[in-house]
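Worksheet: the structure to be examined is printed underneath.
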Amino acid sequence: MRTVVLIPCYNEAKTIEKVVSNFKEVLPHADIYVYDNNSTDGSDNLAKGAGAIVCYEYKQGKGNVVQSMFRDIDADCYILVDADDTYPAEAAVEFEELILSGKADMVIGDRLSSTYFKENDRLFHNTGNRLVRNLVNHFFSSNLHDIMTGMRAFSFNFVKSFPISSKEFEIETEMSVFALMNNFKIIEIPIQYRDRGEGSVSKLNTYRDGYKVIMMIFALIRDLRPIWFFSSISIILLIIAGIYFLPILFQYFNSGYVFRVPTLIVISTVVVIAALIFFVGVILHVLNRQHAENLQRHLILLNELNKRE
């Protein structure tokens with residue numbers, strides 16, 4: 001059984017050596033991969049000196065880095081952690097046990113139930129984490145505590161089935177929603193988060209990246225909950241059409257004439273568009289079900305291949 005620790009890295013010279021050393025101590029049997037994402041502060045050389053296997057991803061963005069990691073590396077347990085030394089390496093032992101025993105396909109390091117709000121003094125980061133958590137739990141019928149944590153573990157089946165579309169920090173949200181929608185086994189483990197040390201600077205832009213995460217959530221709702229998404233649009237259009245149609249209908253009952261024919265034509269067009277949008281949602285819902293069935297067949301095939309090996 002092979003375990004790998006995957007560390008995306010962009011200008012983390014202050015912390016990368018410590019992160020690599022900590023995980024080597026806790027998981028001496030694991031291979032430590034650091035994927036350098038165009039660092040200019042010598043992070044890659046420091047990681048090599050600490051004993052990590054250093055690879056390079058030249059397309060900027062954490063999503064691009066994770067995509068390369070998942071594509072390039074085969075293992076039984078993948079532990080993904082940020083390079084900023086804010087996550088405890090000791091938790092990786094329990095993460096590994098849950099994945100290798102088959103109890104989980106994704107283990108989430110839950111910061112928000114422990115020390116995150118005490119350690120993190122960036123107000124809008126805290127608000128953003130709560131907002132994203134509430135949106136995902138509401139629209140995807142879940143009860144996850146930490147959607148955007150930077151420490152997780154994955155099974156081989158999850159990694160090789162996950163079609164990554166995010167390029168940057170939206171990747172964590174996409175992982176969580178993909179696991180929820182495809183019925184992967186998820187376990188959350190509270191972990192002791194600590195804020196960045198002196199001289200270590202976050203690469204996350206609160207407003208820009210927060211906006212991207214929110215847009216990612218709504219894109220996932222559109223793509224993965226099409227019936228709900230397109231039906232909502234249809235209902236809104238029908239309500240607007242009804243508001244304009246009722247006065248025309250009352251005038252017709254009172255006088256026997258339709259006085260606003262152009263308005264009635266526009267209303268009819270809106271109703272037709274609403275019906276078309278609804279059926280788009282129905283078609284996409286059917287396609288999603290077929291995709292889910294294909295994914296299950298893919299997972300069955302992966303399991304059979306693993307057994308043969």
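If you're wondering about the labels, chains in the structure tokens are A, B, ... by order shown, residues count from 1 in each chain, ligands from 1 in order shown.
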Write out as a tab-separated table (two decimals) with N, CA and C atoms, in the first residue's frame the set of residues from stretch 139-174 of chain A that DSSP, computed on the backbone, places in alpha helix (DSSP H).
chain	number	residue	atom	x	y	z
A	139	PHE	N	-27.55	23.80	-0.83
A	139	PHE	CA	-27.89	23.42	-2.19
A	139	PHE	C	-27.56	21.96	-2.51
A	156	PHE	N	-7.54	6.17	-4.11
A	156	PHE	CA	-7.18	6.08	-5.52
A	156	PHE	C	-8.40	6.29	-6.41
A	157	ASN	N	-9.53	5.69	-6.04
A	157	ASN	CA	-10.74	5.80	-6.86
A	157	ASN	C	-11.20	7.25	-6.98
A	158	PHE	N	-11.14	8.00	-5.89
A	158	PHE	CA	-11.55	9.39	-5.95
A	158	PHE	C	-10.64	10.19	-6.88
A	159	VAL	N	-9.35	10.04	-6.68
A	159	VAL	CA	-8.37	10.82	-7.44
A	159	VAL	C	-8.49	10.57	-8.94
A	160	LYS	N	-8.65	9.31	-9.32
A	160	LYS	CA	-8.67	8.98	-10.73
A	160	LYS	C	-10.05	9.17	-11.37
A	161	SER	N	-11.03	9.58	-10.56
A	161	SER	CA	-12.37	9.83	-11.10
A	161	SER	C	-12.73	11.30	-11.10
A	171	ILE	N	-10.64	25.00	-6.08
A	171	ILE	CA	-10.48	23.55	-6.17
A	171	ILE	C	-11.06	22.84	-4.94
A	172	GLU	N	-10.90	23.42	-3.74
A	172	GLU	CA	-11.41	22.77	-2.54
A	172	GLU	C	-12.92	22.62	-2.57
A	173	THR	N	-13.60	23.67	-3.01
A	173	THR	CA	-15.07	23.60	-3.11
A	173	THR	C	-15.48	22.56	-4.13
A	174	GLU	N	-14.79	22.52	-5.25
A	174	GLU	CA	-15.13	21.55	-6.30
A	174	GLU	C	-14.94	20.12	-5.80
So that I can check the surroundings of stretch 242-252 of chain A, please list as a PDB file with C-alpha atoms, in the first residue's frame every protein, DNA and RNA residue that reaches within 12 Å of it, counting only C-alpha atoms and ignoring chain neighbours fewer than 6 positions away.
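This is the output file selection-v9.pdb:
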ATOM      1  CA  ILE A 235     -40.800  29.993 -12.232  1.00  0.00           C
ATOM      2  CA  ILE A 236     -39.367  33.524 -12.045  1.00  0.00           C
ATOM      3  CA  VAL A 258     -57.743  42.964 -25.449  1.00  0.00           C
ATOM      4  CA  PHE A 259     -56.260  46.483 -25.426  1.00  0.00           C
ATOM      5  CA  ARG A 260     -52.550  45.679 -25.077  1.00  0.00           C
ATOM      6  CA  VAL A 261     -51.880  43.146 -27.826  1.00  0.00           C
ATOM      7  CA  PRO A 262     -48.090  43.820 -28.057  1.00  0.00           C
ATOM      8  CA  THR A 263     -47.755  43.187 -24.308  1.00  0.00           C
ATOM      9  CA  LEU A 264     -49.733  39.951 -24.670  1.00  0.00           C
ATOM     10  CA  ILE A 265     -47.388  38.823 -27.451  1.00  0.00           C
ATOM     11  CA  VAL A 266     -44.343  39.512 -25.255  1.00  0.00           C
ATOM     12  CA  ILE A 267     -45.962  37.631 -22.370  1.00  0.00           C
ATOM     13  CA  SER A 268     -46.628  34.630 -24.627  1.00  0.00           C
ATOM     14  CA  VAL A 270     -41.806  34.739 -22.121  1.00  0.00           C
ATOM     15  CA  VAL A 271     -44.031  31.754 -21.274  1.00  0.00           C
TER      16      VAL A 271
END
Residues within 12 Å of A:Ser232, only C-alpha atoms, excluding chain neighbours under 2 positions, as a list of chain:residue names: A:Ile221, A:Arg222, A:Arg225, A:Pro226, A:Ile227, A:Trp228, A:Phe229, A:Phe230, A:Ser234, A:Ile235, A:Ile236, A:Leu237, A:Leu238, A:Ile239, A:Ala274, A:Ala275, A:Ile277, A:Phe278, A:Gly281
For stretch 184-187 of chain A, please output as a PyMOL selection string all residues within 6 Å (counting only C-alpha atoms; exclusion window: fewer than 6 positions along the same chain). chain A and resi 104-107
Can you list, as a short mmCIF file (atom, residue, chain, number, x, y, z; two decimals) with N, CA and C atoms, in the first residue's frame, every protein, DNA or RNA residue that comes within 8 Å of stretch 17-25 of chain A when you count only C-alpha atoms, leaving out same-chain residues fewer than 2 positions away?
data_model
loop_
_atom_site.label_atom_id
_atom_site.label_comp_id
_atom_site.auth_asym_id
_atom_site.auth_seq_id
_atom_site.Cartn_x
_atom_site.Cartn_y
_atom_site.Cartn_z
N VAL A 5 2.35 12.10 0.07
CA VAL A 5 1.95 13.41 0.58
C VAL A 5 2.20 14.41 -0.54
N ALA A 13 9.12 29.75 1.02
CA ALA A 13 10.46 29.47 1.53
C ALA A 13 10.52 29.51 3.06
N LYS A 14 9.65 30.26 3.68
CA LYS A 14 9.66 30.39 5.13
C LYS A 14 9.23 29.10 5.83
N THR A 15 8.44 28.28 5.15
CA THR A 15 7.80 27.15 5.83
C THR A 15 8.00 25.79 5.16
N LEU A 27 5.15 10.27 8.74
CA LEU A 27 4.90 9.20 7.77
C LEU A 27 6.21 8.85 7.07
N PRO A 28 7.14 8.18 7.75
CA PRO A 28 8.45 7.90 7.16
C PRO A 28 8.39 7.00 5.93
N HIS A 29 7.32 6.23 5.78
CA HIS A 29 7.17 5.32 4.65
C HIS A 29 6.59 6.01 3.42
N ALA A 30 6.10 7.24 3.57
CA ALA A 30 5.40 7.92 2.48
C ALA A 30 6.38 8.69 1.61
N ILE A 32 7.09 12.08 -0.31
CA ILE A 32 6.66 13.48 -0.18
C ILE A 32 6.92 14.18 -1.51
N LEU A 46 14.84 24.36 -1.34
CA LEU A 46 14.67 24.07 0.08
C LEU A 46 13.90 22.76 0.28
N ALA A 47 12.90 22.52 -0.56
CA ALA A 47 12.13 21.28 -0.47
C ALA A 47 13.00 20.08 -0.81
N GLY A 49 16.22 19.90 -0.44
CA GLY A 49 17.15 19.72 0.67
C GLY A 49 16.51 19.02 1.86
N ALA A 50 15.20 19.20 2.01
CA ALA A 50 14.49 18.56 3.12
C ALA A 50 14.11 17.13 2.81
N GLY A 51 14.35 16.69 1.56
CA GLY A 51 14.09 15.30 1.21
C GLY A 51 12.85 15.05 0.39
N ALA A 52 12.25 16.11 -0.14
CA ALA A 52 11.05 15.94 -0.95
C ALA A 52 11.40 15.65 -2.40
N ALA A 83 1.43 24.25 1.89
CA ALA A 83 2.84 24.36 2.27
C ALA A 83 3.11 25.46 3.28
N ASP A 84 2.05 26.00 3.90
CA ASP A 84 2.22 27.17 4.75
C ASP A 84 2.37 26.85 6.24
N ASP A 85 2.47 25.56 6.58
CA ASP A 85 2.67 25.13 7.96
C ASP A 85 1.53 25.58 8.89
N ALA A 89 0.87 17.95 10.94
CA ALA A 89 1.28 16.72 10.26
C ALA A 89 0.80 15.48 11.03
N GLU A 90 0.67 15.59 12.34
CA GLU A 90 0.28 14.44 13.16
C GLU A 90 -1.07 13.86 12.75
N ALA A 92 -2.12 13.33 9.89
CA ALA A 92 -2.01 12.51 8.68
C ALA A 92 -2.07 11.01 8.98
#
So which residues touch stretch 206-218 of chain A within 12 Å, counting only C-alpha atoms, skipping near sequence neighbours fewer than 3 positions away, as a count of residues only? 47
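In terms of minimum interatomic distance to A:Leu100, A:Met1 ranks closest within A:Ile79, A:Ile273, A:Ile283, A:Met1, counting only C-alpha atoms.
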Backbone-only DSSP, strand (DSSP E) members of stretch 75-283 of chain A, as a ChimeraX atom specification: /A:77-81,106-110,151-155,186-190
Grab the residues selected above and save them as a PDB file, in the first residue's frame with N, CA and C atoms.
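Output contents, as saved in again-v5.pdb:
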ATOM      1  N   CYS A  77      -3.156   5.927  -1.107  1.00  0.00           N
ATOM      2  CA  CYS A  77      -3.607   7.012  -0.239  1.00  0.00           C
ATOM      3  C   CYS A  77      -2.874   8.290  -0.619  1.00  0.00           C
ATOM      4  N   TYR A  78      -3.648   9.333  -0.876  1.00  0.00           N
ATOM      5  CA  TYR A  78      -3.091  10.639  -1.216  1.00  0.00           C
ATOM      6  C   TYR A  78      -3.433  11.607  -0.086  1.00  0.00           C
ATOM      7  N   ILE A  79      -2.422  12.260   0.468  1.00  0.00           N
ATOM      8  CA  ILE A  79      -2.654  13.280   1.484  1.00  0.00           C
ATOM      9  C   ILE A  79      -2.218  14.619   0.899  1.00  0.00           C
ATOM     10  N   LEU A  80      -3.176  15.501   0.760  1.00  0.00           N
ATOM     11  CA  LEU A  80      -2.930  16.813   0.171  1.00  0.00           C
ATOM     12  C   LEU A  80      -2.902  17.860   1.280  1.00  0.00           C
ATOM     13  N   VAL A  81      -1.837  18.668   1.318  1.00  0.00           N
ATOM     14  CA  VAL A  81      -1.723  19.658   2.392  1.00  0.00           C
ATOM     15  C   VAL A  81      -1.031  20.908   1.855  1.00  0.00           C
ATOM     16  N   MET A 106     -12.705  10.276   0.955  1.00  0.00           N
ATOM     17  CA  MET A 106     -12.127  11.597   1.188  1.00  0.00           C
ATOM     18  C   MET A 106     -12.213  11.911   2.673  1.00  0.00           C
ATOM     19  N   VAL A 107     -11.079  12.250   3.268  1.00  0.00           N
ATOM     20  CA  VAL A 107     -11.033  12.687   4.662  1.00  0.00           C
ATOM     21  C   VAL A 107     -10.766  14.184   4.654  1.00  0.00           C
ATOM     22  N   ILE A 108     -11.596  14.907   5.377  1.00  0.00           N
ATOM     23  CA  ILE A 108     -11.515  16.367   5.421  1.00  0.00           C
ATOM     24  C   ILE A 108     -10.940  16.798   6.760  1.00  0.00           C
ATOM     25  N   GLY A 109      -9.898  17.612   6.734  1.00  0.00           N
ATOM     26  CA  GLY A 109      -9.362  18.199   7.953  1.00  0.00           C
ATOM     27  C   GLY A 109     -10.182  19.407   8.347  1.00  0.00           C
ATOM     28  N   ASP A 110     -11.032  19.233   9.329  1.00  0.00           N
ATOM     29  CA  ASP A 110     -12.009  20.253   9.717  1.00  0.00           C
ATOM     30  C   ASP A 110     -11.380  21.279  10.662  1.00  0.00           C
ATOM     31  N   MET A 151      -6.225  20.705   3.981  1.00  0.00           N
ATOM     32  CA  MET A 151      -5.658  19.393   4.310  1.00  0.00           C
ATOM     33  C   MET A 151      -6.731  18.334   4.139  1.00  0.00           C
ATOM     34  N   ARG A 152      -6.475  17.396   3.225  1.00  0.00           N
ATOM     35  CA  ARG A 152      -7.418  16.316   2.929  1.00  0.00           C
ATOM     36  C   ARG A 152      -6.644  15.059   2.579  1.00  0.00           C
ATOM     37  N   ALA A 153      -7.350  13.945   2.591  1.00  0.00           N
ATOM     38  CA  ALA A 153      -6.788  12.691   2.101  1.00  0.00           C
ATOM     39  C   ALA A 153      -7.797  12.064   1.144  1.00  0.00           C
ATOM     40  N   PHE A 154      -7.287  11.308   0.163  1.00  0.00           N
ATOM     41  CA  PHE A 154      -8.136  10.748  -0.890  1.00  0.00           C
ATOM     42  C   PHE A 154      -7.755   9.301  -1.178  1.00  0.00           C
ATOM     43  N   SER A 155      -8.737   8.571  -1.649  1.00  0.00           N
ATOM     44  CA  SER A 155      -8.484   7.225  -2.143  1.00  0.00           C
ATOM     45  C   SER A 155      -8.076   7.285  -3.615  1.00  0.00           C
ATOM     46  N   ILE A 186     -17.277  10.167   2.873  1.00  0.00           N
ATOM     47  CA  ILE A 186     -16.598  11.346   3.406  1.00  0.00           C
ATOM     48  C   ILE A 186     -16.570  11.271   4.923  1.00  0.00           C
ATOM     49  N   ILE A 187     -15.399  11.515   5.497  1.00  0.00           N
ATOM     50  CA  ILE A 187     -15.265  11.616   6.956  1.00  0.00           C
ATOM     51  C   ILE A 187     -14.536  12.923   7.272  1.00  0.00           C
ATOM     52  N   GLU A 188     -15.070  13.664   8.229  1.00  0.00           N
ATOM     53  CA  GLU A 188     -14.419  14.888   8.686  1.00  0.00           C
ATOM     54  C   GLU A 188     -13.715  14.643  10.031  1.00  0.00           C
ATOM     55  N   ILE A 189     -12.482  15.107  10.129  1.00  0.00           N
ATOM     56  CA  ILE A 189     -11.698  14.975  11.350  1.00  0.00           C
ATOM     57  C   ILE A 189     -11.311  16.377  11.827  1.00  0.00           C
ATOM     58  N   PRO A 190     -11.738  16.788  13.025  1.00  0.00           N
ATOM     59  CA  PRO A 190     -11.302  18.099  13.536  1.00  0.00           C
ATOM     60  C   PRO A 190      -9.781  18.141  13.695  1.00  0.00           C
TER      61      PRO A 190
END
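For the pair atom CA of A:Ile233 and atom CA of A:Asn294, the separation is 28.7 Å.
We find atom CA of A:Asn37 and atom CA of A:Tyr56 to be spaced 6.2 Å apart.
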What is the atom CA of A:Ile53-atom CA of A:Cys9 distance in Å, reported with one decimal? 12.4 Å
